[in-house]
file input_0.txt (compact mmCIF, C-alpha atoms (C1' of nucleotides))
# COMPACT_ATOMS: atom_id res chain seq x y z
CA MET A 1 23.54 61.30 24.98
CA LYS A 2 20.80 58.79 24.25
CA PRO A 3 19.41 56.80 27.16
CA LYS A 4 20.58 53.21 27.11
CA VAL A 5 18.37 50.17 26.90
CA LEU A 6 19.77 46.77 27.66
CA VAL A 7 18.51 43.86 25.58
CA ILE A 8 18.93 40.30 26.78
CA LEU A 9 18.12 37.73 24.17
CA GLY A 10 18.68 34.10 23.32
CA PRO A 11 16.96 30.85 22.53
CA THR A 12 14.38 29.24 24.73
CA ALA A 13 15.64 27.42 27.83
CA VAL A 14 19.01 29.16 28.13
CA GLY A 15 17.98 30.90 31.32
CA LYS A 16 17.44 34.48 30.28
CA SER A 17 14.73 35.43 32.75
CA ASP A 18 16.70 34.72 35.89
CA LEU A 19 19.69 36.59 34.66
CA ALA A 20 17.53 39.51 33.67
CA VAL A 21 16.25 39.77 37.23
CA GLU A 22 19.78 39.57 38.59
CA ILE A 23 20.99 42.26 36.28
CA ALA A 24 17.95 44.42 36.95
CA ARG A 25 18.60 44.29 40.67
CA HIS A 26 22.20 45.16 40.05
CA TYR A 27 21.59 48.17 37.86
CA ASN A 28 18.29 49.43 39.14
CA GLY A 29 16.41 48.20 36.14
CA GLU A 30 12.98 47.03 35.11
CA VAL A 31 12.31 44.17 32.76
CA ILE A 32 10.28 44.33 29.59
CA SER A 33 9.39 40.92 28.23
CA ALA A 34 9.94 40.33 24.53
CA ASP A 35 7.98 37.14 24.24
CA SER A 36 5.15 36.77 21.80
CA ARG A 37 3.30 34.27 23.98
CA GLN A 38 3.86 35.62 27.45
CA VAL A 39 1.79 38.62 26.56
CA TYR A 40 -1.28 36.42 26.88
CA LYS A 41 -3.17 36.16 30.12
CA GLY A 42 -3.36 32.67 31.51
CA PHE A 43 -0.45 31.39 29.47
CA ASP A 44 1.75 30.86 32.48
CA ILE A 45 3.18 27.41 32.93
CA GLY A 46 3.29 26.59 29.25
CA THR A 47 5.27 29.72 28.43
CA GLY A 48 7.43 29.55 31.51
CA LYS A 49 6.25 32.96 32.59
CA ILE A 50 8.17 34.34 35.53
CA THR A 51 6.28 34.28 38.83
CA LYS A 52 5.84 37.17 41.23
CA LYS A 53 8.21 35.52 43.61
CA GLU A 54 10.87 34.97 40.97
CA MET A 55 10.69 38.63 40.03
CA ARG A 56 12.15 39.44 43.45
CA GLY A 57 10.72 42.89 43.45
CA VAL A 58 11.81 43.79 39.96
CA PRO A 59 8.91 45.24 37.98
CA HIS A 60 8.10 43.38 34.76
CA HIS A 61 6.28 44.81 31.77
CA LEU A 62 4.48 43.35 28.77
CA LEU A 63 3.35 40.23 30.55
CA ASP A 64 -0.36 39.41 30.63
CA VAL A 65 -1.35 42.37 28.53
CA ILE A 66 -4.07 40.72 26.46
CA ASN A 67 -6.67 37.99 26.34
CA PRO A 68 -5.43 35.03 24.29
CA LYS A 69 -8.57 35.09 22.21
CA LYS A 70 -7.36 38.35 20.75
CA ILE A 71 -4.54 38.61 18.29
CA TYR A 72 -1.51 40.49 19.40
CA SER A 73 1.45 41.14 17.16
CA VAL A 74 4.64 43.08 16.63
CA GLU A 75 2.88 46.35 16.09
CA GLY A 76 1.15 46.23 19.44
CA TRP A 77 4.20 44.99 21.20
CA LYS A 78 6.35 47.70 19.73
CA LYS A 79 3.97 50.45 20.77
CA ASP A 80 3.53 49.09 24.28
CA THR A 81 7.24 48.63 24.64
CA GLU A 82 8.05 52.14 23.51
CA LYS A 83 5.66 53.39 26.12
CA ALA A 84 7.20 51.20 28.81
CA ILE A 85 10.71 52.31 27.93
CA ARG A 86 9.73 55.96 28.08
CA ASP A 87 8.12 55.39 31.44
CA ILE A 88 11.07 53.50 32.91
CA VAL A 89 13.59 56.01 31.64
CA SER A 90 11.55 58.90 32.98
CA ARG A 91 11.84 57.38 36.41
CA GLY A 92 15.58 57.19 36.04
CA LYS A 93 15.73 53.44 35.82
CA LEU A 94 17.32 51.11 33.29
CA PRO A 95 14.98 49.37 30.83
CA ILE A 96 15.96 45.75 30.22
CA ILE A 97 14.24 44.03 27.33
CA CYS A 98 14.42 40.30 27.79
CA GLY A 99 13.06 37.65 25.51
CA GLY A 100 13.42 35.31 22.58
CA THR A 101 11.09 36.73 19.98
CA GLY A 102 13.62 38.02 17.51
CA PHE A 103 11.23 39.86 15.30
CA TYR A 104 9.82 41.82 18.21
CA ILE A 105 13.26 42.75 19.42
CA GLN A 106 14.38 43.81 16.00
CA SER A 107 11.30 45.93 15.52
CA ILE A 108 12.30 48.07 18.47
CA VAL A 109 16.07 48.00 18.14
CA ASP A 110 15.96 49.03 14.49
CA ASN A 111 12.76 51.00 14.93
CA ILE A 112 11.15 49.36 11.94
CA VAL A 113 8.25 51.35 10.62
CA LEU A 114 5.68 48.95 9.33
CA PRO A 115 2.85 50.00 7.05
CA ASP A 116 -0.11 51.07 9.09
CA VAL A 117 -2.63 48.57 7.79
CA PRO A 118 -4.76 46.82 10.35
CA ALA A 119 -5.68 43.18 9.92
CA ASN A 120 -8.63 42.60 7.66
CA PRO A 121 -10.26 39.45 9.00
CA GLU A 122 -12.79 39.32 6.20
CA LEU A 123 -10.11 39.37 3.53
CA ARG A 124 -7.89 36.96 5.43
CA LYS A 125 -10.67 34.48 5.70
CA GLN A 126 -11.31 34.68 2.00
CA LEU A 127 -7.66 34.38 1.08
CA SER A 128 -7.03 31.51 3.42
CA LEU A 129 -9.13 29.31 1.15
CA LYS A 130 -6.91 29.92 -1.82
CA SER A 131 -3.87 27.96 -2.88
CA THR A 132 -0.42 29.45 -2.50
CA GLU A 133 -0.13 29.66 -6.27
CA ASP A 134 -3.31 31.69 -6.46
CA LEU A 135 -2.18 33.94 -3.66
CA PHE A 136 1.04 34.53 -5.43
CA SER A 137 -0.61 35.45 -8.70
CA ILE A 138 -2.95 37.82 -6.88
CA LEU A 139 0.00 39.54 -5.30
CA THR A 140 1.81 39.66 -8.62
CA GLN A 141 -1.07 41.64 -10.05
CA LEU A 142 -1.32 43.97 -7.10
CA ASP A 143 2.36 44.60 -6.57
CA PRO A 144 4.85 42.91 -8.87
CA ASN A 145 7.78 44.34 -6.97
CA ARG A 146 6.80 42.81 -3.69
CA ALA A 147 5.86 39.59 -5.45
CA ASN A 148 9.32 39.48 -6.85
CA GLU A 149 10.94 39.41 -3.45
CA ILE A 150 8.45 37.49 -1.40
CA ASP A 151 8.66 33.84 -0.47
CA GLN A 152 6.23 32.44 -3.05
CA LYS A 153 5.25 29.45 -1.02
CA ASN A 154 4.60 31.10 2.28
CA PRO A 155 0.85 31.65 2.68
CA VAL A 156 1.14 33.76 5.81
CA ARG A 157 3.47 36.22 4.14
CA LEU A 158 1.48 36.26 0.93
CA ILE A 159 -1.77 36.99 2.69
CA ARG A 160 -0.33 39.84 4.67
CA ALA A 161 1.29 41.32 1.57
CA ILE A 162 -2.01 41.15 -0.29
CA GLU A 163 -3.72 42.72 2.68
CA ILE A 164 -1.33 45.64 2.64
CA ALA A 165 -1.40 46.02 -1.12
CA THR A 166 -5.19 45.98 -1.10
CA ALA A 167 -5.30 48.80 1.41
CA LEU A 168 -2.42 50.89 0.11
CA GLY A 169 -2.19 49.98 -3.54
CA SER A 170 1.24 48.49 -3.05
CA VAL A 171 3.49 47.20 -0.32
CA PRO A 172 5.86 49.92 0.83
CA LYS A 173 9.40 49.06 1.74
CA PRO A 174 9.91 48.94 5.47
CA THR A 175 11.82 51.89 6.78
CA HIS A 176 14.07 52.21 9.73
CA ALA A 177 13.43 55.35 11.72
CA LYS A 178 15.97 56.92 14.02
CA THR A 179 15.85 55.65 17.56
CA GLU A 180 15.98 57.81 20.60
CA TYR A 181 17.72 55.12 22.57
CA GLU A 182 20.94 53.25 22.44
CA PHE A 183 20.30 49.53 22.51
CA ILE A 184 22.88 47.26 23.95
CA GLN A 185 22.22 43.68 22.95
CA ILE A 186 23.63 40.79 24.84
CA GLY A 187 22.85 37.24 23.77
CA PHE A 188 22.97 34.03 25.73
CA SER A 189 23.59 30.83 23.92
CA LEU A 190 24.40 27.22 24.57
CA PRO A 191 25.13 24.35 22.20
CA LEU A 192 21.94 22.80 20.86
CA GLU A 193 22.65 19.44 22.48
CA ILE A 194 22.73 21.04 25.88
CA LEU A 195 19.68 23.12 25.14
CA ARG A 196 17.84 19.94 24.19
CA VAL A 197 18.63 18.37 27.53
CA LYS A 198 17.39 21.46 29.32
CA ILE A 199 14.27 21.47 27.20
CA HIS A 200 13.60 17.87 28.11
CA ASN A 201 13.89 18.53 31.82
CA ARG A 202 11.92 21.70 31.63
CA LEU A 203 9.11 19.95 29.82
CA LEU A 204 8.82 17.34 32.55
CA SER A 205 8.81 19.97 35.23
CA ARG A 206 6.14 21.95 33.43
CA MET A 207 4.00 18.84 33.29
CA LYS A 208 4.47 18.41 37.01
CA LYS A 209 3.52 22.01 37.61
CA GLY A 210 0.18 21.38 35.97
CA MET A 211 0.61 22.58 32.43
CA LEU A 212 -2.08 20.21 31.29
CA ARG A 213 -4.56 21.58 33.80
CA GLU A 214 -3.71 25.06 32.70
CA ALA A 215 -4.60 24.21 29.12
CA GLN A 216 -7.81 22.52 30.21
CA HIS A 217 -8.70 25.56 32.22
CA LEU A 218 -8.06 27.90 29.31
CA HIS A 219 -10.30 25.82 27.12
CA ALA A 220 -12.98 25.66 29.77
CA LYS A 221 -12.92 29.41 29.87
CA GLY A 222 -13.67 29.56 26.19
CA LEU A 223 -10.34 29.47 24.40
CA SER A 224 -10.81 27.28 21.34
CA TYR A 225 -8.53 24.36 20.62
CA LYS A 226 -8.04 25.83 17.20
CA ARG A 227 -6.62 28.98 18.69
CA MET A 228 -4.40 26.99 21.00
CA GLU A 229 -3.10 25.00 18.09
CA ALA A 230 -2.33 28.17 16.20
CA LEU A 231 -0.26 29.48 19.08
CA GLY A 232 2.19 26.63 18.70
CA LEU A 233 4.41 24.42 20.83
CA GLU A 234 3.11 23.58 24.30
CA TYR A 235 -0.39 24.85 23.75
CA ARG A 236 -0.63 23.30 20.32
CA TYR A 237 0.31 19.84 21.52
CA LEU A 238 -1.63 20.13 24.73
CA ALA A 239 -4.68 20.98 22.64
CA LEU A 240 -4.09 18.03 20.34
CA TYR A 241 -3.79 15.74 23.32
CA LEU A 242 -6.88 17.10 25.03
CA GLN A 243 -8.82 16.48 21.84
CA LYS A 244 -7.44 12.95 21.85
CA LYS A 245 -5.82 13.45 18.50
CA ILE A 246 -2.49 12.24 19.85
CA SER A 247 -1.35 10.18 22.80
CA LYS A 248 0.33 11.65 25.82
CA GLN A 249 3.57 10.00 24.90
CA ASP A 250 3.39 11.40 21.40
CA MET A 251 2.67 14.80 22.76
CA LEU A 252 5.75 14.82 24.94
CA GLN A 253 7.96 13.33 22.28
CA LYS A 254 6.89 15.69 19.55
CA LEU A 255 7.01 18.67 21.83
CA GLU A 256 10.54 18.03 22.84
CA ILE A 257 11.55 17.86 19.21
CA GLU A 258 9.61 20.93 18.20
CA ILE A 259 10.89 23.06 21.02
CA GLY A 260 14.41 22.10 20.01
CA GLN A 261 13.65 23.10 16.45
CA TYR A 262 12.25 26.35 17.72
CA ALA A 263 15.45 27.06 19.61
CA ARG A 264 17.35 26.46 16.41
CA ARG A 265 15.17 28.91 14.52
CA GLN A 266 15.68 31.52 17.21
CA MET A 267 19.43 31.21 16.95
CA GLN A 268 19.12 31.37 13.20
CA TRP A 269 17.41 34.70 13.54
CA PHE A 270 19.75 36.21 16.11
CA LYS A 271 22.83 35.01 14.29
CA ARG A 272 22.59 37.62 11.62
CA ASP A 273 22.68 40.56 13.97
CA GLU A 274 26.35 41.28 14.44
CA ARG A 275 25.73 43.87 17.11
CA ILE A 276 24.85 41.17 19.61
CA LYS A 277 27.53 40.36 22.14
CA TRP A 278 27.36 36.66 22.95
CA PHE A 279 27.96 34.83 26.21
CA GLU A 280 27.25 31.50 27.74
CA PRO A 281 24.88 32.02 30.65
CA THR A 282 27.45 30.72 33.12
CA GLN A 283 30.00 33.41 32.33
CA THR A 284 28.58 35.71 34.97
CA LYS A 285 31.79 37.52 35.65
CA GLU A 286 32.43 38.34 32.01
CA ILE A 287 28.82 39.32 31.53
CA TYR A 288 28.84 41.80 34.36
CA SER A 289 32.12 43.33 33.45
CA TRP A 290 31.02 43.74 29.87
CA ILE A 291 27.71 45.28 30.84
CA HIS A 292 29.47 47.57 33.23
CA THR A 293 31.90 48.95 30.69
CA THR A 294 29.25 49.37 28.02
CA LEU A 295 26.75 50.95 30.31
CA PHE A 296 29.04 53.55 31.76
C1' G B 1 10.64 -28.33 16.10
C1' C B 2 6.80 -27.57 12.22
C1' G B 3 3.89 -23.83 9.74
C1' U B 4 3.34 -18.90 8.41
C1' C B 5 4.35 -13.73 7.60
C1' G B 6 8.33 -10.59 7.47
C1' G B 7 13.70 -8.44 7.41
C1' U B 8 14.64 -1.86 2.62
C1' G B 9 18.63 4.24 3.85
C1' G B 10 19.06 7.42 11.32
C1' C B 11 13.62 5.81 12.17
C1' G B 12 8.65 4.62 10.17
C1' G B 13 7.20 2.73 5.71
C1' A B 14 6.50 2.19 -0.20
C1' G B 15 8.49 -0.54 -4.07
C1' U B 16 7.79 -7.11 -5.89
C1' G B 17 12.57 -8.42 -12.78
C1' G B 18 14.83 -3.04 -16.14
C1' U B 19 13.10 3.84 -16.36
C1' C B 20 15.75 2.44 -8.33
C1' A B 21 20.52 5.50 -4.74
C1' A B 22 15.36 3.52 -4.30
C1' U B 23 8.00 7.27 -3.81
C1' C B 24 6.57 9.27 0.89
C1' G B 25 6.49 10.78 6.15
C1' C B 26 9.60 11.79 10.41
C1' A B 27 14.28 13.12 12.35
C1' U B 28 18.78 15.79 11.11
C1' U B 29 21.45 19.83 8.68
C1' U B 30 21.43 24.50 6.23
C1' G B 31 18.60 28.66 5.37
C1' A B 32 14.40 32.58 4.70
C1' C B 33 11.59 36.08 7.48
C1' U B 34 8.02 43.84 5.53
C1' G B 35 1.68 43.38 11.60
C1' U B 36 -0.25 35.43 13.17
C1' A B 37 6.94 35.19 14.44
C1' A B 38 6.34 29.39 20.01
C1' A B 39 3.77 31.28 13.69
C1' U B 40 4.88 30.45 8.52
C1' C B 41 8.11 28.80 4.63
C1' A B 42 12.45 26.71 1.62
C1' A B 43 16.68 23.56 0.37
C1' A B 44 19.93 19.43 1.26
C1' C B 45 19.94 14.65 3.06
C1' G B 46 24.43 6.67 0.95
C1' C B 47 29.81 7.74 -0.25
C1' C B 48 33.36 10.33 -3.78
C1' C B 49 34.49 14.13 -7.51
C1' U B 50 32.26 19.95 -10.68
C1' C B 51 27.16 19.92 -14.25
C1' G B 52 27.76 14.96 -15.36
C1' G B 53 29.62 10.91 -13.65
C1' G B 54 31.84 7.09 -10.55
C1' C B 55 31.46 3.69 -6.35
C1' U B 56 28.90 0.86 -2.49
C1' A B 57 23.84 -0.47 -1.20
C1' C B 58 17.61 -3.07 -0.01
C1' G B 59 19.45 -9.30 6.66
C1' A B 60 23.98 -12.91 4.82
C1' A B 61 26.01 -16.12 1.20
C1' G B 62 25.30 -18.41 -3.27
C1' G B 63 22.34 -18.99 -7.84
C1' U B 64 18.89 -17.88 -12.22
C1' U B 65 18.89 -13.77 -15.82
C1' C B 66 21.43 -9.53 -20.88
C1' G B 67 19.54 -7.26 -16.19
C1' A B 68 17.47 -8.54 -9.17
C1' A B 69 15.52 -4.74 -3.53
C1' U B 70 12.20 -7.57 -6.63
C1' C B 71 12.71 -14.86 -8.79
C1' C B 72 15.28 -19.59 -6.60
C1' U B 73 18.36 -22.16 -2.64
C1' U B 74 20.61 -22.31 2.03
C1' C B 75 21.66 -19.75 6.38
C1' C B 76 20.83 -15.88 10.22
C1' C B 77 17.21 -12.75 12.80
C1' G B 78 11.99 -11.12 14.33
C1' G B 79 6.37 -11.50 14.77
C1' C B 80 2.36 -14.81 14.89
C1' G B 81 0.03 -19.85 14.99
C1' C B 82 0.59 -25.01 16.20
C1' A B 83 3.49 -28.08 19.04

call {"tool": "encode", "arguments": {"input": "input_0.txt", "output": "structure tokens"}}
result
Amino acid sequence: MKPKVLVILGPTAVGKSDLAVEIARHYNGEVISADSRQVYKGFDIGTGKITKKEMRGVPHHLLDVINPKKIYSVEGWKKDTEKAIRDIVSRGKLPIICGGTGFYIQSIVDNIVLPDVPANPELRKQLSLKSTEDLFSILTQLDPNRANEIDQKNPVRLIRAIEIATALGSVPKPTHAKTEYEFIQIGFSLPLEILRVKIHNRLLSRMKKGMLREAQHLHAKGLSYKRMEALGLEYRYLALYLQKKISKQDMLQKLEIEIGQYARRQMQWFKRDERIKWFEPTQTKEIYSWIHTTLF
RNA sequence: GCGUCGGUGGCGGAGUGGUCAAUCGCAUUUGACUGUAAAUCAAACGCCCUCGGGCUACGAAGGUUCGAAUCCUUCCCGGCGCA
């Protein structure tokens, strides 16, 4: 029988992290974070990273694994996570993946094998100057099949596809390898209106906790505003505010909206995976009984 | 009270006689997702039916005109200036 891995997912602000700790304590588990921003060192308050105290003795993996100046992505996360799972299982404990980055989660659950083409900064820089139309026609020449399926107006996708096609001659179809684990996915959700209220309150509390200072500090230590903007949400708007490009009020207002939109996008992603068993975070009893029967 | 500028769709804000259900931005909704995924991107968005069309709309009411968001009159509301 394959070892089981529990996956706890859901949109931002539903309260995944706390529940993950609870469940980990209950089932002798360790948590692996599936959050594309919490991997960065120093991104604490703005990402709502769990604190040592909140971990309550439960080991957490994939937090603070890299300097934010460096680019981290699915590939790295997947490799690191595979390693963490192996390690946790070998010690007879239950791995619990917890996070809201759908793509990361899917990469491990479906064991997506992505083409092994490292980023080509030189090429990316060059391509980033081109219009989407140009990018599309370049891709069409390199790999008409991929061009046929790709989102023609999405520069990020186009650039990556060109990057792969340049290295490999064409863009191979992604394959799904067999997994050595059985993933059990449980999702937490709440109606958007409620999520928005929680987001509002959380934003204020993050401000009180010194999110602004955190951003200032990161910049003082050499993290460019440009990079912060690229990372999105909190750090993007904090950076804009610190550069005096927007007012504080604007920052808070826009952030609240954008985080809500982000939550929507997360749900959009998760929605299509029918294997996910959904709960509202308050249904503790049901959650535990379901986990119990699926786990054993 | 007088003068003046203005009142446009959920909001901001174009449009100043026809081609306007009304540019655009935002919000909202729906959706995409092959190494940036908190990123990136798309569609819809007055109401009613199927393309096409019909209906109701640009503060209110009248009027001018073949035709008005656009011109005129009165009224209501807001900003500013003078009292």

call {"tool": "interface_residues", "arguments": {"input": "input_0.txt", "of": "chain B", "to": "chain A", "cutoff": "8 Å", "atoms": "only C-alpha atoms (C1' of nucleotides)", "output": "ChimeraX atom specification"}}
result
/B:32,34-41

call {"tool": "atom_distance", "arguments": {"input": "input_0.txt", "atom1": "CA of Ala147 (chain A)", "atom2": "CA of Ser107 (chain A)"}}
result
22.6 Å

call {"tool": "residues_near_point", "arguments": {"input": "input_0.txt", "point": "(-2.7, 43.2, -7.4)", "cutoff": "9 Å", "atoms": "only C-alpha atoms (C1' of nucleotides)", "output": "MDAnalysis selection string"}}
result
chainID A and resid 137:144 162 165:166 169:170

call {"tool": "residues_around", "arguments": {"input": "input_0.txt", "residues": "U29 (chain B)", "least_positions_apart": "5", "cutoff": "12 Å", "atoms": "all atoms listed in the file", "output": "PyMOL selection string"}}
result
(chain A and resi 261+264) or (chain B and resi 43-45)

call {"tool": "residues_around", "arguments": {"input": "input_0.txt", "residues": "Pro95 (chain A)", "least_positions_apart": "3", "cutoff": "10 Å", "atoms": "only C-alpha atoms (C1' of nucleotides)", "output": "list in words"}}
result
Pro3, Lys4, Val5, Leu6, Val7, Ala24, Tyr27, Asn28, Gly29, Glu30, Val31, Ile32, His60, His61, Thr81, Ala84, Ile85, Arg86, Asp87, Ile88, Val89, Gly92, Cys98 and Phe183 of chain A

call {"tool": "residues_near_point", "arguments": {"input": "input_0.txt", "point": "(1.0, 34.1, 28.3)", "cutoff": "12 Å", "atoms": "all atoms listed in the file", "output": "ChimeraX atom specification"}}
result
/A:33-51,62-69,72,214-215,218,228,231,234-235 /B:38

call {"tool": "residues_around", "arguments": {"input": "input_0.txt", "residues": "A57 (chain B)", "least_positions_apart": "4", "cutoff": "9 Å", "atoms": "only C-alpha atoms (C1' of nucleotides)", "output": "tab-separated table (two decimals) with C-alpha atoms (C1' of nucleotides), in the coordinates of the input"}}
result
chain	number	residue	atom	x	y	z
B	9	G	C1'	18.63	4.24	3.85
B	21	A	C1'	20.52	5.50	-4.74
B	46	G	C1'	24.43	6.67	0.95

call {"tool": "axis_aligned_box", "arguments": {"input": "input_0.txt", "around": "region 112-131 of chain A", "padding_each_side": "6 Å", "output": "JSON"}}
result
{"center_x": -0.8, "center_y": 39.7, "center_z": 4.5, "size_x": 35.9, "size_y": 35.4, "size_z": 26.8}

call {"tool": "atom_distance", "arguments": {"input": "input_0.txt", "atom1": "CA of His176 (chain A)", "atom2": "CA of His292 (chain A)"}}
result
28.5 Å

call {"tool": "residues_around", "arguments": {"input": "input_0.txt", "residues": "region 192-194 of chain A", "least_positions_apart": "3", "cutoff": "10 Å", "atoms": "all atoms listed in the file", "output": "list in words"}}
result
Pro11, Ala13, Val14, Ser189, Val197, Lys198, Ile199, His200, Gly260, Gln261, Ala263, Arg264 and Met267 of chain A

call {"tool": "atom_distance", "arguments": {"input": "input_0.txt", "atom1": "C1' of G18 (chain B)", "atom2": "C1' of G63 (chain B)"}}
result
19.5 Å

call {"tool": "closest_residue", "arguments": {"input": "input_0.txt", "among": "A:Ser247, A:Leu252, A:Thr294, A:Glu54", "to": "Ser205 (chain A)", "atoms": "all atoms listed in the file"}}
result
A:Leu252

call {"tool": "closest_residue", "arguments": {"input": "input_0.txt", "among": "A:Ile186, A:Gly57, A:Leu204, A:Glu274", "to": "Trp290 (chain A)", "atoms": "all atoms listed in the file"}}
result
A:Ile186

call {"tool": "residues_around", "arguments": {"input": "input_0.txt", "residues": "region 1-6 of chain B", "least_positions_apart": "6", "cutoff": "8 Å", "atoms": "only C-alpha atoms (C1' of nucleotides)", "output": "list of chain:residue names"}}
result
B:G78, B:G79, B:C80, B:G81, B:C82, B:A83
